[in-house]
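Novice: Here you go, coords-v4.pdb (PDB, C-alpha atoms):
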ATOM      1  CA  MET K 151      -7.978  68.382 -34.214
ATOM      2  CA  ARG K 152     -11.338  69.874 -35.082
ATOM      3  CA  THR K 153     -13.834  67.375 -33.615
ATOM      4  CA  LEU K 154     -13.640  65.103 -30.562
ATOM      5  CA  LEU K 155     -15.900  62.325 -29.302
ATOM      6  CA  GLY K 156     -15.300  60.765 -25.871
ATOM      7  CA  VAL K 157     -17.059  58.310 -23.556
ATOM      8  CA  PRO K 158     -16.105  56.862 -20.165
ATOM      9  CA  ILE K 159     -14.950  53.235 -19.868
ATOM     10  CA  HIS K 160     -16.895  51.926 -16.901
ATOM     11  CA  ILE K 161     -18.607  48.823 -15.585
ATOM     12  CA  ARG K 162     -20.535  48.139 -12.388
ATOM     13  CA  GLY K 163     -20.286  51.785 -11.389
ATOM     14  CA  LYS K 164     -16.481  51.944 -11.615
ATOM     15  CA  ILE K 165     -14.766  54.176 -14.186
ATOM     16  CA  TYR K 166     -11.491  52.796 -15.568
ATOM     17  CA  GLY K 167     -10.741  55.663 -17.943
ATOM     18  CA  ASN K 168     -12.022  57.384 -21.079
ATOM     19  CA  LEU K 169     -12.044  56.504 -24.763
ATOM     20  CA  TYR K 170     -11.591  59.366 -27.253
ATOM     21  CA  VAL K 171     -11.712  59.543 -31.060
ATOM     22  CA  ALA K 172     -11.072  62.635 -33.161
ATOM     23  CA  ASP K 173     -11.653  63.832 -36.738
ATOM     24  CA  ARG K 174     -13.478  61.474 -39.088
ATOM     25  CA  HIS K 175     -11.623  60.682 -42.302
ATOM     26  CA  ASP K 176     -14.382  62.334 -44.356
ATOM     27  CA  ASP K 177     -14.151  65.499 -42.211
ATOM     28  CA  CYS K 178     -17.853  65.229 -41.358
ATOM     29  CA  PRO K 179     -19.083  65.786 -37.810
ATOM     30  CA  PHE K 180     -19.697  62.748 -35.636
ATOM     31  CA  SER K 181     -23.129  61.204 -36.111
ATOM     32  CA  PRO K 182     -25.464  59.394 -33.698
ATOM     33  CA  GLN K 183     -24.239  56.126 -35.281
ATOM     34  CA  ASP K 184     -20.684  57.095 -34.361
ATOM     35  CA  GLU K 185     -21.775  57.698 -30.792
ATOM     36  CA  THR K 186     -23.463  54.265 -30.657
ATOM     37  CA  MET K 187     -20.319  52.577 -32.002
ATOM     38  CA  ILE K 188     -17.952  54.330 -29.572
ATOM     39  CA  LEU K 189     -20.257  53.451 -26.671
ATOM     40  CA  ALA K 190     -20.147  49.784 -27.732
ATOM     41  CA  LEU K 191     -16.334  49.870 -27.949
ATOM     42  CA  ALA K 192     -16.067  51.450 -24.504
ATOM     43  CA  GLY K 193     -18.429  48.811 -23.100
ATOM     44  CA  ALA K 194     -16.318  45.990 -24.567
ATOM     45  CA  ALA K 195     -13.154  47.578 -23.166
ATOM     46  CA  GLY K 196     -14.760  47.874 -19.729
ATOM     47  CA  LEU K 197     -15.736  44.192 -19.757
ATOM     48  CA  ALA K 198     -12.229  43.129 -20.779
ATOM     49  CA  ILE K 199     -10.562  45.235 -18.079
ATOM     50  CA  ASP K 200     -12.993  44.021 -15.436
ATOM     51  CA  ASP K 201     -12.439  40.392 -16.477
ATOM     52  CA  ALA K 202      -8.687  40.893 -16.111
ATOM     53  CA  HIS K 203      -9.127  42.316 -12.610
ATOM     54  CA  LEU K 204     -11.403  39.426 -11.592
ATOM     55  CA  PHE K 205      -8.914  36.948 -13.065
ATOM     56  CA  ASP K 206      -6.074  38.413 -11.010
ATOM     57  CA  GLN K 207      -8.232  38.444  -7.901
ATOM     58  CA  LEU K 208      -9.191  34.780  -8.374
ATOM     59  CA  SER K 209      -5.555  33.843  -8.894
ATOM     60  CA  ASP K 210      -4.441  35.656  -5.748
ATOM     61  CA  GLU K 211      -7.215  34.135  -3.650
ATOM     62  CA  ALA K 212      -6.478  30.619  -4.927
ATOM     63  CA  GLU K 213      -2.785  30.994  -4.147
ATOM     64  CA  GLN K 214      -3.494  32.390  -0.674
ATOM     65  CA  PHE K 215      -5.936  29.550   0.026
ATOM     66  CA  GLN K 216      -3.366  26.942  -0.979
ATOM     67  CA  ARG K 217      -0.651  28.560   1.114
ATOM     68  CA  LEU K 218      -2.971  28.394   4.128
ATOM     69  CA  LEU K 219      -3.216  24.623   3.633
ATOM     70  CA  VAL K 220       0.574  24.161   3.619
ATOM     71  CA  PRO K 221       1.900  23.788   7.179
ATOM     72  CA  ARG K 222       4.644  25.681   8.916
ATOM     73  CA  LEU K 223       7.440  23.340   9.875
ATOM     74  CA  PRO K 224       7.846  22.777  13.632
ATOM     75  CA  ASP K 225      11.127  22.750  15.495
ATOM     76  CA  LEU K 226      12.692  19.361  14.682
ATOM     77  CA  HIS K 227      15.744  19.685  16.956
ATOM     78  CA  PRO K 228      18.340  18.232  16.644
ATOM     79  CA  PHE K 229      17.490  18.231  12.929
ATOM     80  CA  GLU K 230      17.291  21.287  10.697
ATOM     81  CA  ALA K 231      14.424  21.502   8.209
ATOM     82  CA  ALA K 232      13.280  23.806   5.424
ATOM     83  CA  ALA K 233      10.516  23.612   2.840
ATOM     84  CA  SER K 234       9.199  25.459  -0.179
ATOM     85  CA  HIS K 235       5.936  25.294  -2.111
ATOM     86  CA  ARG K 236       5.327  26.957  -5.469
ATOM     87  CA  PRO K 237       1.947  26.817  -7.258
ATOM     88  CA  ALA K 238       1.657  26.144 -10.974
ATOM     89  CA  PRO K 239       1.772  29.292 -13.136
ATOM     90  CA  ASP K 240      -1.823  28.849 -14.362
ATOM     91  CA  PRO K 241      -3.809  31.457 -12.410
ATOM     92  CA  GLY K 242      -6.660  30.169 -10.294
ATOM     93  CA  VAL K 243      -5.486  26.533 -10.484
ATOM     94  CA  LEU K 244      -5.139  24.740  -7.161
ATOM     95  CA  GLY K 245      -2.653  21.934  -6.725
ATOM     96  CA  GLY K 246      -2.490  18.841  -4.571
ATOM     97  CA  ASP K 247       1.195  18.974  -3.582
ATOM     98  CA  TRP K 248       1.763  18.821   0.186
ATOM     99  CA  TYR K 249       4.390  18.097   2.805
ATOM    100  CA  ASP K 250       4.703  17.742   6.556
ATOM    101  CA  ALA K 251       7.302  16.929   9.214
ATOM    102  CA  LEU K 252       7.268  16.312  12.939
ATOM    103  CA  SER K 253       9.380  14.932  15.756
ATOM    104  CA  VAL K 254       8.327  11.473  16.892
ATOM    105  CA  SER K 255      10.901  11.275  19.701
ATOM    106  CA  GLU K 256      13.899  13.223  21.008
ATOM    107  CA  ASP K 257      16.192  11.888  18.272
ATOM    108  CA  THR K 258      13.819  10.747  15.510
ATOM    109  CA  CYS K 259      11.821  12.788  13.026
ATOM    110  CA  ALA K 260       9.366  11.900  10.289
ATOM    111  CA  ALA K 261       8.968  13.715   6.985
ATOM    112  CA  VAL K 262       6.420  13.175   4.256
ATOM    113  CA  ILE K 263       5.666  14.650   0.864
ATOM    114  CA  GLY K 264       2.830  13.820  -1.514
ATOM    115  CA  ASP K 265       0.820  14.763  -4.555
ATOM    116  CA  VAL K 266      -2.947  14.369  -4.929
ATOM    117  CA  LEU K 267      -4.183  13.747  -8.469
ATOM    118  CA  GLY K 268      -5.964  16.793  -9.869
ATOM    119  CA  HIS K 269      -5.736  20.581  -9.869
ATOM    120  CA  ASP K 270      -8.943  21.839  -8.343
ATOM    121  CA  MET K 271     -10.638  22.607  -5.042
ATOM    122  CA  HIS K 272     -11.292  18.907  -4.464
ATOM    123  CA  ALA K 273      -7.577  18.079  -4.768
ATOM    124  CA  ALA K 274      -6.633  20.881  -2.389
ATOM    125  CA  ALA K 275      -9.233  19.770   0.186
ATOM    126  CA  ALA K 276      -8.123  16.128  -0.177
ATOM    127  CA  MET K 277      -4.529  17.182   0.405
ATOM    128  CA  SER K 278      -5.507  18.806   3.704
ATOM    129  CA  GLN K 279      -7.467  15.729   4.833
ATOM    130  CA  ILE K 280      -4.616  13.347   4.034
ATOM    131  CA  ARG K 281      -2.043  15.471   5.826
ATOM    132  CA  HIS K 282      -4.064  15.617   9.031
ATOM    133  CA  MET K 283      -4.875  11.894   9.018
ATOM    134  CA  LEU K 284      -1.237  11.017   8.415
ATOM    135  CA  ARG K 285      -0.048  13.323  11.182
ATOM    136  CA  ALA K 286      -2.270  11.473  13.653
ATOM    137  CA  LEU K 287      -0.898   8.101  12.517
ATOM    138  CA  LEU K 288       2.712   9.287  12.778
ATOM    139  CA  TYR K 289       2.493   9.841  16.520
ATOM    140  CA  ASP K 290       2.948   6.109  16.958
ATOM    141  CA  ARG K 291       6.725   6.306  16.751
ATOM    142  CA  HIS K 292       7.246   2.521  16.656
ATOM    143  CA  THR K 293       5.288   2.024  13.421
ATOM    144  CA  ALA K 294       7.296   1.518  10.222
ATOM    145  CA  PRO K 295       6.605   3.957   7.337
ATOM    146  CA  SER K 296       5.176   1.138   5.192
ATOM    147  CA  ASP K 297       2.678   0.242   7.934
ATOM    148  CA  VAL K 298       1.687   3.891   8.365
ATOM    149  CA  LEU K 299       0.995   4.243   4.638
ATOM    150  CA  THR K 300      -0.956   0.974   4.652
ATOM    151  CA  ARG K 301      -3.159   2.158   7.521
ATOM    152  CA  LEU K 302      -3.596   5.545   5.864
ATOM    153  CA  ASP K 303      -4.587   3.920   2.564
ATOM    154  CA  ARG K 304      -7.194   1.726   4.240
ATOM    155  CA  ALA K 305      -8.651   4.658   6.171
ATOM    156  CA  LEU K 306      -8.817   6.857   3.083
ATOM    157  CA  GLN K 307     -10.627   4.250   1.007
ATOM    158  CA  ALA K 308     -13.004   3.376   3.847
ATOM    159  CA  ILE K 309     -14.197   6.839   4.868
ATOM    160  CA  THR K 310     -13.361   9.266   2.028
ATOM    161  CA  ASP K 311     -13.566   9.637  -1.744
ATOM    162  CA  ILE K 312     -10.067  11.075  -2.034
ATOM    163  CA  PRO K 313      -8.465  10.564  -5.478
ATOM    164  CA  VAL K 314      -5.266   8.661  -6.227
ATOM    165  CA  THR K 315      -2.321  10.094  -4.280
ATOM    166  CA  THR K 316       1.425   9.516  -4.394
ATOM    167  CA  ALA K 317       3.485   9.942  -1.235
ATOM    168  CA  CYS K 318       6.916   9.315   0.231
ATOM    169  CA  LEU K 319       7.091   8.852   4.003
ATOM    170  CA  ALA K 320      10.568   8.876   5.570
ATOM    171  CA  ARG K 321      11.937   8.598   9.067
ATOM    172  CA  LEU K 322      15.391   9.643  10.278
ATOM    173  CA  GLU K 323      16.544   7.725  13.330
ATOM    174  CA  PRO K 324      19.875   7.269  15.126
ATOM    175  CA  ALA K 325      22.287   4.581  13.979
ATOM    176  CA  ALA K 326      25.684   3.610  15.404
ATOM    177  CA  PRO K 327      28.317   4.846  15.284
ATOM    178  CA  GLY K 328      27.324   8.523  15.350
ATOM    179  CA  GLY K 329      25.314   8.414  12.125
ATOM    180  CA  TRP K 330      21.696   8.159  11.113
ATOM    181  CA  MET K 331      19.432   5.770   9.264
ATOM    182  CA  LEU K 332      16.842   6.772   6.683
ATOM    183  CA  ARG K 333      13.859   4.447   6.660
ATOM    184  CA  TRP K 334      11.268   5.219   4.014
ATOM    185  CA  SER K 335       8.362   3.861   2.005
ATOM    186  CA  SER K 336       7.203   5.169  -1.361
ATOM    187  CA  ALA K 337       3.612   5.095  -2.610
ATOM    188  CA  GLY K 338       4.351   5.698  -6.276
ATOM    189  CA  HIS K 339       6.381   8.820  -5.518
ATOM    190  CA  CYS K 340       9.721  10.313  -6.570
ATOM    191  CA  PRO K 341      12.786   8.901  -4.731
ATOM    192  CA  PRO K 342      14.487  10.805  -1.890
ATOM    193  CA  LEU K 343      17.623  12.780  -2.700
ATOM    194  CA  LEU K 344      20.606  12.318  -0.362
ATOM    195  CA  ILE K 345      23.387  14.928  -0.198
ATOM    196  CA  THR K 346      26.492  14.080   1.839
ATOM    197  CA  PRO K 347      28.468  16.655   3.884
ATOM    198  CA  GLU K 348      31.017  16.678   1.044
ATOM    199  CA  GLY K 349      28.335  17.892  -1.373
ATOM    200  CA  GLN K 350      27.834  14.654  -3.313
ATOM    201  CA  ALA K 351      24.212  13.970  -4.260
ATOM    202  CA  ARG K 352      22.406  10.831  -5.357
ATOM    203  CA  CYS K 353      18.806   9.743  -5.753
ATOM    204  CA  LEU K 354      17.879   6.737  -3.623
ATOM    205  CA  SER K 355      15.947   5.134  -6.461
ATOM    206  CA  ILE K 356      13.862   2.050  -5.726
ATOM    207  CA  ASP K 357      10.823   0.429  -7.316
ATOM    208  CA  PRO K 358       7.982   2.355  -5.655
ATOM    209  CA  ASP K 359       4.863   0.660  -4.341
ATOM    210  CA  LEU K 360       1.371   1.474  -5.569
ATOM    211  CA  PRO K 361      -0.005   4.975  -4.982
ATOM    212  CA  LEU K 362      -2.615   5.467  -2.278
ATOM    213  CA  GLY K 363      -6.166   4.828  -3.412
ATOM    214  CA  VAL K 364      -5.373   1.961  -5.810
ATOM    215  CA  ASP K 365      -5.285  -1.372  -3.947
ATOM    216  CA  THR K 366      -5.028  -1.846  -0.185
ATOM    217  CA  VAL K 367      -4.280  -5.581  -0.469
ATOM    218  CA  VAL K 368      -0.884  -5.239  -2.145
ATOM    219  CA  PRO K 369       1.782  -5.056   0.610
ATOM    220  CA  ARG K 370       4.074  -2.069   1.046
ATOM    221  CA  ARG K 371       7.817  -2.179   1.734
ATOM    222  CA  ASP K 372      10.332  -0.245   3.794
ATOM    223  CA  HIS K 373      13.758   0.769   2.499
ATOM    224  CA  LEU K 374      16.884   1.562   4.516
ATOM    225  CA  HIS K 375      19.919   3.695   3.746
ATOM    226  CA  PRO K 376      22.644   5.016   6.075
ATOM    227  CA  VAL K 377      22.881   8.801   6.361
ATOM    228  CA  PRO K 378      26.177  10.345   7.562
ATOM    229  CA  ALA K 379      26.122  13.160  10.103
ATOM    230  CA  GLY K 380      25.670  16.542   8.433
ATOM    231  CA  SER K 381      23.865  15.105   5.410
ATOM    232  CA  THR K 382      20.705  16.436   3.802
ATOM    233  CA  VAL K 383      17.675  14.398   2.751
ATOM    234  CA  VAL K 384      15.443  16.089   0.186
ATOM    235  CA  LEU K 385      11.871  15.022  -0.592
ATOM    236  CA  PHE K 386      10.154  16.614  -3.593
ATOM    237  CA  THR K 387       7.187  16.314  -5.940
ATOM    238  CA  ASP K 388       7.467  15.601  -9.659
ATOM    239  CA  GLY K 389       6.663  19.213 -10.539
ATOM    240  CA  LEU K 390      10.256  20.032  -9.585
ATOM    241  CA  ILE K 391      11.787  17.847 -12.319
ATOM    242  CA  GLU K 392       9.195  17.052 -14.986
ATOM    243  CA  ARG K 393       9.477  18.202 -18.589
ATOM    244  CA  ARG K 394       6.865  17.088 -21.086
ATOM    245  CA  ASN K 395       9.402  15.829 -23.640
ATOM    246  CA  ASP K 396      11.960  14.305 -21.231
ATOM    247  CA  SER K 397      11.947  11.204 -19.081
ATOM    248  CA  ILE K 398      11.876  11.334 -15.293
ATOM    249  CA  ASP K 399      15.439   9.955 -15.236
ATOM    250  CA  VAL K 400      16.685  12.985 -17.154
ATOM    251  CA  GLY K 401      14.950  15.284 -14.678
ATOM    252  CA  LEU K 402      16.503  13.431 -11.734
ATOM    253  CA  GLU K 403      19.975  13.760 -13.273
ATOM    254  CA  ARG K 404      19.470  17.505 -13.641
ATOM    255  CA  LEU K 405      18.291  17.754 -10.057
ATOM    256  CA  VAL K 406      21.378  15.892  -8.805
ATOM    257  CA  ALA K 407      23.640  18.300 -10.687
ATOM    258  CA  LEU K 408      21.732  21.311  -9.354
ATOM    259  CA  ALA K 409      21.891  19.994  -5.780
ATOM    260  CA  GLU K 410      25.646  19.394  -5.948
ATOM    261  CA  GLU K 411      26.217  22.880  -7.355
ATOM    262  CA  HIS K 412      24.429  24.549  -4.422
ATOM    263  CA  ALA K 413      25.008  22.016  -1.619
ATOM    264  CA  HIS K 414      27.241  24.490   0.262
ATOM    265  CA  LEU K 415      24.375  26.935   0.861
ATOM    266  CA  PRO K 416      22.480  27.229   4.165
ATOM    267  CA  LEU K 417      19.540  24.849   4.154
ATOM    268  CA  ARG K 418      16.782  27.443   3.748
ATOM    269  CA  THR K 419      18.633  29.144   0.888
ATOM    270  CA  PHE K 420      19.420  25.768  -0.659
ATOM    271  CA  VAL K 421      15.740  24.771  -0.759
ATOM    272  CA  GLN K 422      14.742  28.125  -2.216
ATOM    273  CA  THR K 423      17.436  27.767  -4.874
ATOM    274  CA  LEU K 424      16.086  24.362  -5.894
ATOM    275  CA  THR K 425      12.629  25.831  -6.500
ATOM    276  CA  ASP K 426      14.027  28.943  -8.225
ATOM    277  CA  CYS K 427      16.392  27.043 -10.544
ATOM    278  CA  HIS K 428      14.272  23.913 -10.967
ATOM    279  CA  PRO K 429      14.953  21.694 -14.002
ATOM    280  CA  SER K 430      11.246  21.350 -14.887
ATOM    281  CA  ASP K 431       9.131  23.230 -17.426
ATOM    282  CA  MET K 432       6.910  24.368 -14.501
ATOM    283  CA  HIS K 433       3.612  23.132 -15.936
ATOM    284  CA  ASP K 434       2.808  21.703 -12.496
ATOM    285  CA  ASP K 435       3.060  22.968  -8.929
ATOM    286  CA  MET K 436       6.073  21.870  -6.900
ATOM    287  CA  ALA K 437       6.971  21.195  -3.286
ATOM    288  CA  VAL K 438      10.364  20.586  -1.662
ATOM    289  CA  LEU K 439      11.098  19.427   1.899
ATOM    290  CA  ALA K 440      14.675  19.074   3.173
ATOM    291  CA  VAL K 441      15.926  17.701   6.502
ATOM    292  CA  ARG K 442      19.575  17.993   7.542
ATOM    293  CA  THR K 443      21.082  15.727  10.197
ATOM    294  CA  PRO K 444      23.228  17.228  12.966
ATOM    295  CA  PRO K 445      26.934  17.621  12.107
ATOM    296  CA  ALA K 446      29.490  15.182  13.435
ATOM    297  CA  PRO K 447      31.121  16.207  16.740
ATOM    298  CA  ALA K 448      34.441  18.016  16.370
TER     299      ALA K 448
END
Show me the file's structure as structure tokens.
Specialist:
Amino acid sequence: MRTLLGVPIHIRGKIYGNLYVADRHDDCPFSPQDETMILALAGAAGLAIDDAHLFDQLSDEAEQFQRLLVPRLPDLHPFEAAASHRPAPDPGVLGGDWYDALSVSEDTCAAVIGDVLGHDMHAAAAMSQIRHMLRALLYDRHTAPSDVLTRLDRALQAITDIPVTTACLARLEPAAPGGWMLRWSSAGHCPPLLITPEGQARCLSIDPDLPLGVDTVVPRRDHLHPVPAGSTVVLFTDGLIERRNDSIDVGLERLVALAEEHAHLPLRTFVQTLTDCHPSDMHDDMAVLAVRTPPAPA
């Protein structure tokens, strides 16, 4: 090396490194034109590096903001509950997936999961509004899930401009002898997944009602299914199962197989495994909420 030309790579007063070139091919010394060119290259490199840092920062802030909107599950004794939320892989994209659960009496709990149309700040803010309005409505423990969703739909369309939203609202209540009853209503959402104590899983598929924000006149329905002691009810958003080239039914079949394979795990680990080993192509964010009924007495 006989000649060396170097310039710092910096932008907005911060130096990221240095760019060096050595020995022209014609063996001539570096000219003022060479200096101008290397300065331009260093400037372009500085912009690219700074853009990458800003991109990462935006992604981190968006993810942290969305995690702040997702609630921490309360103590649902005598039930056990666990949840997981995973944003879409596109950095800086906010999702509208949400969940919530609360006790409505000593032996009854309510669980809900939903998905607001869109992937932006408006969808994330709408998700927070819906969750808080629904939580207030759920404190009336004698109201059926279909009636709660109907009242929520009317309130949303009357006082907000929230976009179309799918949701599944379920309630676990005691049923003789020694078992439980799942009562739920679906506003265009994925069906609940039921896993028995023996590890057998099935989707409780029904024809869902209209999503929220479409038509408040069309009536909503409740559905009932017995739940044995020690069973697990899983609510999830479509981001857990969707693949662009496969039908929803194929995704549900894969989820059933995955649930049966890992049904023996503790509930928190089980939920985390579902989100880690999901059958989707992960082009969307995903949320999972699982509630396990108390085991049968010895």
Novice: How many Å separate atom CA of K:Ala437 from atom CA of K:Asp372?
Specialist: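 We find that atom CA of K:Ala437 and atom CA of K:Asp372 lie 22.8 Å from each other.
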Novice: Suppose a student applies the PyMOL selection byres ((chain K and resi 281) around 9) to this structure; what residues should they get, written as a list in words?
Specialist: Trp248, Tyr249, Asp250, Val262, Gly264, Ala276, Met277, Ser278, Gln279, Ile280, His282, Met283, Leu284, Arg285 and Ala286 of chain K
Novice: Please produce a file of those selected residues containing C-alpha atoms, as a PDB file, keeping the file's coordinate frame.
Specialist:
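What follows is the written file result-v4.pdb:
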ATOM      1  CA  TRP K 248       1.763  18.821   0.186  1.00  0.00           C
ATOM      2  CA  TYR K 249       4.390  18.097   2.805  1.00  0.00           C
ATOM      3  CA  ASP K 250       4.703  17.742   6.556  1.00  0.00           C
ATOM      4  CA  VAL K 262       6.420  13.175   4.256  1.00  0.00           C
ATOM      5  CA  GLY K 264       2.830  13.820  -1.514  1.00  0.00           C
ATOM      6  CA  ALA K 276      -8.123  16.128  -0.177  1.00  0.00           C
ATOM      7  CA  MET K 277      -4.529  17.182   0.405  1.00  0.00           C
ATOM      8  CA  SER K 278      -5.507  18.806   3.704  1.00  0.00           C
ATOM      9  CA  GLN K 279      -7.467  15.729   4.833  1.00  0.00           C
ATOM     10  CA  ILE K 280      -4.616  13.347   4.034  1.00  0.00           C
ATOM     11  CA  HIS K 282      -4.064  15.617   9.031  1.00  0.00           C
ATOM     12  CA  MET K 283      -4.875  11.894   9.018  1.00  0.00           C
ATOM     13  CA  LEU K 284      -1.237  11.017   8.415  1.00  0.00           C
ATOM     14  CA  ARG K 285      -0.048  13.323  11.182  1.00  0.00           C
ATOM     15  CA  ALA K 286      -2.270  11.473  13.653  1.00  0.00           C
TER      16      ALA K 286
END
Novice: Please measure the separation of atom CA of K:Ser381 and atom CA of K:Ala251, giving the value in Å to one decimal.
Specialist: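 Rounded to one decimal, the two atoms are 17.1 Å apart.
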Novice: Would you kindly return, as a short mmCIF file (atom, residue, chain, number, x, y, z; two decimals) with C-alpha atoms, keeping the file's coordinate frame, each protein, DNA or RNA residue with an atom no farther than 9 Å from any atom of K:Val421, considering all atoms listed in the file and excluding same-chain residues fewer than 6 positions away?
Specialist:
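Wrote it out as selection.cif, contents follow:
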data_model
loop_
_atom_site.label_atom_id
_atom_site.label_comp_id
_atom_site.auth_asym_id
_atom_site.auth_seq_id
_atom_site.Cartn_x
_atom_site.Cartn_y
_atom_site.Cartn_z
CA ALA K 232 13.28 23.81 5.42
CA ALA K 233 10.52 23.61 2.84
CA SER K 234 9.20 25.46 -0.18
CA VAL K 384 15.44 16.09 0.19
CA VAL K 438 10.36 20.59 -1.66
CA LEU K 439 11.10 19.43 1.90
CA ALA K 440 14.68 19.07 3.17
#
Novice: Provide the atom CA of K:Ile312 to atom CA of K:His235 distance in Å, to one decimal place.
Specialist: 21.4 Å
Novice: Apply the PyMOL selection byres ((chain K and resi 373) around 10) to the file shown and report the selected residues as a list in words.
Specialist: Pro295, Ser296, Ala320, Leu332, Arg333, Trp334, Ser335, Ser336, Leu354, Ile356, Arg371, Asp372, Leu374 and His375 of chain K
Novice: Given the selection you just returned, output its residues as a file containing C-alpha atoms, formatted as a PDB file, in the frame of the given file.
Specialist:
ATOM      1  CA  PRO K 295       6.605   3.957   7.337  1.00  0.00           C
ATOM      2  CA  SER K 296       5.176   1.138   5.192  1.00  0.00           C
ATOM      3  CA  ALA K 320      10.568   8.876   5.570  1.00  0.00           C
ATOM      4  CA  LEU K 332      16.842   6.772   6.683  1.00  0.00           C
ATOM      5  CA  ARG K 333      13.859   4.447   6.660  1.00  0.00           C
ATOM      6  CA  TRP K 334      11.268   5.219   4.014  1.00  0.00           C
ATOM      7  CA  SER K 335       8.362   3.861   2.005  1.00  0.00           C
ATOM      8  CA  SER K 336       7.203   5.169  -1.361  1.00  0.00           C
ATOM      9  CA  LEU K 354      17.879   6.737  -3.623  1.00  0.00           C
ATOM     10  CA  ILE K 356      13.862   2.050  -5.726  1.00  0.00           C
ATOM     11  CA  ARG K 371       7.817  -2.179   1.734  1.00  0.00           C
ATOM     12  CA  ASP K 372      10.332  -0.245   3.794  1.00  0.00           C
ATOM     13  CA  LEU K 374      16.884   1.562   4.516  1.00  0.00           C
ATOM     14  CA  HIS K 375      19.919   3.695   3.746  1.00  0.00           C
TER      15      HIS K 375
END
